[in-house]
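Below is one structure, written out as structure tokens; comments come after it.
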Amino acid sequence: MTGKKRIFAGMGILLGVLVGVQGTAAYQSAYDKAVNIVTPGNISSEIGEDFPNPPTIVPDKDIDIAKKIWVSNNPSGQNKTGADCYVRVAVGYSNSDIGKAVTMKNTDSENWIYGDDGFYYYKKILREGESTTQLCTGFLIDHARVEKKYWKLLNEFQIQVYQESVEARPFDNYQKAWEYYTGEL
């Protein structure tokens, strides 16, 4: 290659690089403003419990505990908005040995279903501002199924309620929604 050809080739490469850099800079600095009209869904579900005074604990008698449980879907956030959702509830006990003697009273099996994973699933969509039906009306501790060594712990025994919720859209039933979000069910 002769000297002139090298100069022209170098100038061509330099010109190509400059045009490429300026084009990229122009592309990256060009923008328009847009207002985001989409707002995120907001689920603010919470457990509701009606738990009157605890009963007197007598170790050699069955213990009847009145405790109504439901879940509410309340609007929240800056705009006080919410989203329809599906909910599930798990019930646990502070002492698993005493928990083996506990049964739920008057479980609403029409609207709630017990899953293999230990959760009670509410079958209907819980709409914003609404509450589920009561999961149950209370618990019964069968004294005959509580070992005597645990009777002294009955006064400290607690029933623990835990709930989770997921957005209902775009699912047409609770099973599809929970399967999607948990990979289970």
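The way I read the labels, and the way they are meant: chains A, B, ... in the order of the structure tokens, residue 1 as the first residue of every chain, and ligand 1 as the first ligand shown, with later ones counted on from there.
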| task | Might you pull out every residue within 10 Å of Tyr150 of chain A, with only C-alpha atoms counted and same-chain residues fewer than 3 positions away left off, and present them as a PyMOL selection string? | result | chain A and resi 59+95+97-98+146-147+153-154+157
| Residue neighbourhood segment 105-107 of chain A, 7 Å, only C-alpha atoms, exclusion window fewer than 5 positions, as a list in words |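 Everything that qualifies: Leu135, Cys136, Thr137, Gly138, Phe139 and Leu140 of chain A.
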| Between A:Arg127, A:Asp172, A:Trp70, A:Val91, which one has atoms that come closest to Asn111 of chain A, using only C-alpha atoms? |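 Using only C-alpha atoms, the shortest distance to Asn111 of chain A belongs to A:Trp70.
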| said: Quick one: residues within 7 Å of Phe119 of chain A, only C-alpha atoms, excluding same-chain residues fewer than 5 positions away - as an MDAnalysis selection string? | reply: chainID A and resid 88:90 114
| Contacts of Thr56 of chain A within 12 Å, only C-alpha atoms, excl. fewer than 4 positions in-chain, as a ChimeraX atom specification | /A:60-65,154-156
| query | Of the candidates A:Asp50, A:Glu167, A:Glu179, A:Glu184, which one gets nearest to Glu128 of chain A if we count only C-alpha atoms? | reply | A:Glu167
| request: Can you pull out every residue within 7 Å of Glu49 of chain A, counting only C-alpha atoms, but drop anything in the same chain fewer than 6 positions away, and send it as a ChimeraX atom specification? | output: /A:67-70
| said: Excluding Tyr122 of chain A and its own-chain neighbours fewer than 3 positions away, which residues fall within 8 Å of it when counting only C-alpha atoms? Please give them as a list in words. | reply: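 Those residues are Tyr86, Val87, Arg88, Asn111, Trp112, Ile113, Ile125, Thr132 and Tyr174 of chain A.
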Can you spit out the residues from that selection as a PDB file, in the first residue's frame, using N, CA and C atoms?
ATOM      1  N   TYR A  86     -56.372 -14.442  46.756  1.00  0.00           N
ATOM      2  CA  TYR A  86     -56.675 -15.745  47.334  1.00  0.00           C
ATOM      3  C   TYR A  86     -55.877 -15.840  48.633  1.00  0.00           C
ATOM      4  N   VAL A  87     -56.464 -16.457  49.660  1.00  0.00           N
ATOM      5  CA  VAL A  87     -55.781 -16.554  50.944  1.00  0.00           C
ATOM      6  C   VAL A  87     -55.704 -18.000  51.411  1.00  0.00           C
ATOM      7  N   ARG A  88     -54.730 -18.231  52.273  1.00  0.00           N
ATOM      8  CA  ARG A  88     -54.601 -19.511  52.945  1.00  0.00           C
ATOM      9  C   ARG A  88     -54.157 -19.259  54.379  1.00  0.00           C
ATOM     10  N   ASN A 111     -66.447 -23.479  52.323  1.00  0.00           N
ATOM     11  CA  ASN A 111     -65.636 -22.396  51.744  1.00  0.00           C
ATOM     12  C   ASN A 111     -64.138 -22.580  51.937  1.00  0.00           C
ATOM     13  N   TRP A 112     -63.749 -23.417  52.873  1.00  0.00           N
ATOM     14  CA  TRP A 112     -62.340 -23.671  53.167  1.00  0.00           C
ATOM     15  C   TRP A 112     -62.037 -25.137  52.897  1.00  0.00           C
ATOM     16  N   ILE A 113     -60.828 -25.414  52.406  1.00  0.00           N
ATOM     17  CA  ILE A 113     -60.401 -26.793  52.182  1.00  0.00           C
ATOM     18  C   ILE A 113     -59.000 -26.973  52.764  1.00  0.00           C
ATOM     19  N   ILE A 125     -62.441 -16.029  45.642  1.00  0.00           N
ATOM     20  CA  ILE A 125     -61.627 -14.809  45.564  1.00  0.00           C
ATOM     21  C   ILE A 125     -62.052 -13.904  46.720  1.00  0.00           C
ATOM     22  N   THR A 132     -63.304 -13.161  54.623  1.00  0.00           N
ATOM     23  CA  THR A 132     -63.689 -14.547  54.388  1.00  0.00           C
ATOM     24  C   THR A 132     -64.772 -14.947  55.391  1.00  0.00           C
ATOM     25  N   TYR A 174     -58.380 -20.847  43.058  1.00  0.00           N
ATOM     26  CA  TYR A 174     -57.312 -20.768  44.068  1.00  0.00           C
ATOM     27  C   TYR A 174     -56.185 -21.761  43.791  1.00  0.00           C
TER      28      TYR A 174
END
| request: Please identify which residues in segment 23-184 of chain A DSSP calls strand (DSSP E) from the backbone, and express them as a PyMOL selection string. | output: chain A and resi 45-50+63-66+68-73+85-93+102-105+112-114+119-122+138-141+159-167
Export, as a tab-separated table (two decimals), in the first residue's frame, the selected residues with N, CA and C atoms.
chain	number	residue	atom	x	y	z
A	45	SER	N	-53.94	-8.09	53.35
A	45	SER	CA	-54.83	-9.01	54.07
A	45	SER	C	-54.32	-9.19	55.49
A	46	GLU	N	-55.24	-9.43	56.40
A	46	GLU	CA	-54.86	-9.61	57.79
A	46	GLU	C	-55.81	-10.57	58.48
A	47	ILE	N	-55.31	-11.21	59.50
A	47	ILE	CA	-56.09	-12.18	60.26
A	47	ILE	C	-57.03	-11.44	61.20
A	48	GLY	N	-58.26	-11.92	61.23
A	48	GLY	CA	-59.22	-11.43	62.21
A	48	GLY	C	-59.50	-12.56	63.20
A	49	GLU	N	-59.54	-12.23	64.47
A	49	GLU	CA	-59.80	-13.24	65.49
A	49	GLU	C	-60.76	-12.68	66.53
A	50	ASP	N	-61.72	-13.48	66.88
A	50	ASP	CA	-62.59	-13.16	67.99
A	50	ASP	C	-62.26	-14.18	69.06
A	63	ILE	N	-61.00	-29.03	77.35
A	63	ILE	CA	-60.92	-27.57	77.34
A	63	ILE	C	-61.56	-27.07	76.05
A	64	ASP	N	-62.60	-26.27	76.19
A	64	ASP	CA	-63.33	-25.71	75.06
A	64	ASP	C	-62.90	-24.26	74.88
A	65	ILE	N	-62.21	-23.97	73.78
A	65	ILE	CA	-61.67	-22.63	73.53
A	65	ILE	C	-62.47	-21.99	72.41
A	66	ALA	N	-63.16	-20.89	72.70
A	66	ALA	CA	-63.89	-20.15	71.68
A	66	ALA	C	-62.90	-19.23	70.95
A	68	LYS	N	-62.84	-17.54	66.95
A	68	LYS	CA	-63.28	-17.44	65.55
A	68	LYS	C	-62.14	-16.82	64.74
A	69	ILE	N	-61.90	-17.39	63.56
A	69	ILE	CA	-60.78	-16.94	62.72
A	69	ILE	C	-61.31	-16.62	61.33
A	70	TRP	N	-60.89	-15.47	60.77
A	70	TRP	CA	-61.22	-15.10	59.40
A	70	TRP	C	-60.09	-14.22	58.88
A	71	VAL	N	-60.13	-13.92	57.58
A	71	VAL	CA	-59.13	-13.05	56.97
A	71	VAL	C	-59.85	-11.91	56.26
A	72	SER	N	-59.33	-10.70	56.40
A	72	SER	CA	-59.89	-9.51	55.74
A	72	SER	C	-58.90	-8.98	54.71
A	73	ASN	N	-59.42	-8.44	53.62
A	73	ASN	CA	-58.60	-7.84	52.57
A	73	ASN	C	-58.91	-6.34	52.57
A	85	CYS	N	-57.68	-11.12	46.02
A	85	CYS	CA	-56.65	-12.11	46.31
A	85	CYS	C	-57.24	-13.45	46.71
A	86	TYR	N	-56.37	-14.44	46.76
A	86	TYR	CA	-56.68	-15.74	47.33
A	86	TYR	C	-55.88	-15.84	48.63
A	87	VAL	N	-56.46	-16.46	49.66
A	87	VAL	CA	-55.78	-16.55	50.94
A	87	VAL	C	-55.70	-18.00	51.41
A	88	ARG	N	-54.73	-18.23	52.27
A	88	ARG	CA	-54.60	-19.51	52.95
A	88	ARG	C	-54.16	-19.26	54.38
A	89	VAL	N	-54.54	-20.17	55.27
A	89	VAL	CA	-54.29	-20.00	56.70
A	89	VAL	C	-53.69	-21.29	57.25
A	90	ALA	N	-52.69	-21.15	58.10
A	90	ALA	CA	-52.13	-22.30	58.82
A	90	ALA	C	-52.35	-22.07	60.31
A	91	VAL	N	-52.65	-23.15	60.99
A	91	VAL	CA	-52.86	-23.09	62.44
A	91	VAL	C	-51.77	-23.93	63.08
A	92	GLY	N	-51.09	-23.34	64.05
A	92	GLY	CA	-50.02	-24.04	64.76
A	92	GLY	C	-50.23	-23.95	66.26
A	93	TYR	N	-49.43	-24.70	66.97
A	93	TYR	CA	-49.58	-24.76	68.42
A	93	TYR	C	-48.22	-24.55	69.08
A	102	VAL	N	-55.70	-31.45	70.01
A	102	VAL	CA	-56.57	-30.34	69.64
A	102	VAL	C	-57.36	-30.68	68.37
A	103	THR	N	-58.64	-30.36	68.38
A	103	THR	CA	-59.47	-30.44	67.17
A	103	THR	C	-60.17	-29.10	66.99
A	104	MET	N	-60.38	-28.75	65.72
A	104	MET	CA	-61.09	-27.52	65.39
A	104	MET	C	-62.59	-27.78	65.47
A	105	LYS	N	-63.30	-26.79	65.96
A	105	LYS	CA	-64.76	-26.92	66.06
A	105	LYS	C	-65.43	-26.18	64.91
A	112	TRP	N	-63.75	-23.42	52.87
A	112	TRP	CA	-62.34	-23.67	53.17
A	112	TRP	C	-62.04	-25.14	52.90
A	113	ILE	N	-60.83	-25.41	52.41
A	113	ILE	CA	-60.40	-26.79	52.18
A	113	ILE	C	-59.00	-26.97	52.76
A	114	TYR	N	-58.80	-28.10	53.43
A	114	TYR	CA	-57.49	-28.38	54.04
A	114	TYR	C	-56.58	-29.03	53.00
A	119	PHE	N	-52.05	-26.11	55.12
A	119	PHE	CA	-52.79	-24.85	55.02
A	119	PHE	C	-54.26	-25.12	54.75
A	120	TYR	N	-55.10	-24.22	55.25
A	120	TYR	CA	-56.51	-24.19	54.89
A	120	TYR	C	-56.65	-23.14	53.79
A	121	TYR	N	-57.19	-23.53	52.65
A	121	TYR	CA	-57.32	-22.64	51.50
A	121	TYR	C	-58.76	-22.13	51.39
A	122	TYR	N	-58.89	-20.82	51.27
A	122	TYR	CA	-60.21	-20.24	51.02
A	122	TYR	C	-60.46	-20.37	49.53
A	138	GLY	N	-63.89	-22.38	67.03
A	138	GLY	CA	-63.10	-22.63	68.23
A	138	GLY	C	-62.32	-23.92	68.17
A	139	PHE	N	-61.78	-24.30	69.32
A	139	PHE	CA	-60.94	-25.49	69.42
A	139	PHE	C	-61.32	-26.27	70.67
A	140	LEU	N	-61.10	-27.56	70.60
A	140	LEU	CA	-61.37	-28.42	71.74
A	140	LEU	C	-60.10	-29.22	72.03
A	141	ILE	N	-59.66	-29.17	73.28
A	141	ILE	CA	-58.50	-29.97	73.71
A	141	ILE	C	-59.04	-31.16	74.49
A	159	ILE	N	-52.54	-21.04	70.60
A	159	ILE	CA	-52.93	-21.40	69.24
A	159	ILE	C	-52.46	-20.26	68.35
A	160	GLN	N	-51.61	-20.58	67.38
A	160	GLN	CA	-51.01	-19.56	66.52
A	160	GLN	C	-51.62	-19.65	65.13
A	161	VAL	N	-52.00	-18.50	64.58
A	161	VAL	CA	-52.63	-18.44	63.26
A	161	VAL	C	-51.73	-17.62	62.34
A	162	TYR	N	-51.49	-18.16	61.16
A	162	TYR	CA	-50.63	-17.53	60.16
A	162	TYR	C	-51.40	-17.52	58.84
A	163	GLN	N	-51.30	-16.42	58.08
A	163	GLN	CA	-51.99	-16.37	56.79
A	163	GLN	C	-51.08	-15.80	55.71
A	164	GLU	N	-51.35	-16.21	54.48
A	164	GLU	CA	-50.66	-15.70	53.30
A	164	GLU	C	-51.71	-15.37	52.25
A	165	SER	N	-51.38	-14.45	51.35
A	165	SER	CA	-52.29	-14.11	50.27
A	165	SER	C	-51.50	-13.86	48.99
A	166	VAL	N	-52.15	-14.14	47.86
A	166	VAL	CA	-51.57	-13.86	46.55
A	166	VAL	C	-52.64	-13.20	45.68
A	167	GLU	N	-52.18	-12.39	44.74
A	167	GLU	CA	-53.12	-11.70	43.86
A	167	GLU	C	-53.92	-12.70	43.05
| Counting only C-alpha atoms, what is within 8 Å of Ser44 of chain A, bar same-chain residues fewer than 3 positions away, as a PyMOL selection string? | chain A and resi 73-76+82
I need the residues from that last selection saved to file as a PDB file, in the first residue's frame (with N, CA and C atoms), if you can.
ATOM      1  N   ASN A  73     -59.418  -8.444  53.624  1.00  0.00           N
ATOM      2  CA  ASN A  73     -58.601  -7.836  52.567  1.00  0.00           C
ATOM      3  C   ASN A  73     -58.909  -6.344  52.568  1.00  0.00           C
ATOM      4  N   ASN A  74     -58.097  -5.578  53.259  1.00  0.00           N
ATOM      5  CA  ASN A  74     -58.356  -4.157  53.441  1.00  0.00           C
ATOM      6  C   ASN A  74     -57.544  -3.312  52.479  1.00  0.00           C
ATOM      7  N   PRO A  75     -58.167  -2.282  51.879  1.00  0.00           N
ATOM      8  CA  PRO A  75     -57.400  -1.370  51.025  1.00  0.00           C
ATOM      9  C   PRO A  75     -56.311  -0.687  51.837  1.00  0.00           C
ATOM     10  N   SER A  76     -55.153  -0.471  51.212  1.00  0.00           N
ATOM     11  CA  SER A  76     -54.056   0.176  51.929  1.00  0.00           C
ATOM     12  C   SER A  76     -53.173   0.915  50.946  1.00  0.00           C
ATOM     13  N   GLY A  82     -56.405  -1.612  46.742  1.00  0.00           N
ATOM     14  CA  GLY A  82     -56.003  -2.983  47.005  1.00  0.00           C
ATOM     15  C   GLY A  82     -56.269  -3.843  45.791  1.00  0.00           C
TER      16      GLY A  82
END
| By how many Å are atom CA of Lys100 of chain A and atom CA of Asp142 of chain A apart? | 9.1 Å
| field | Å distance separating atom CA of Asp117 of chain A from atom CA of Ala168 of chain A, one decimal place | value |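 For atom CA of Asp117 of chain A relative to atom CA of Ala168 of chain A, the distance reads 20.1 Å.
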| What is the distance between atom CA of Thr182 of chain A and atom CA of Ser96 of chain A, in Å to one decimal? |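 Atom CA of Ser96 of chain A lies at a distance of 25.6 Å from atom CA of Thr182 of chain A.
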| Picked from segment 50-112 of chain A by DSSP as helix (DSSP H, G or I), as a ChimeraX atom specification | /A:96-99
| Taking into account only C-alpha atoms, which residue in the set A:Phe51, A:Gln22, A:Asp84, A:Arg6 is nearest to Phe171 of chain A? |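 Among the listed residues, the smallest separation from Phe171 of chain A belongs to A:Asp84.
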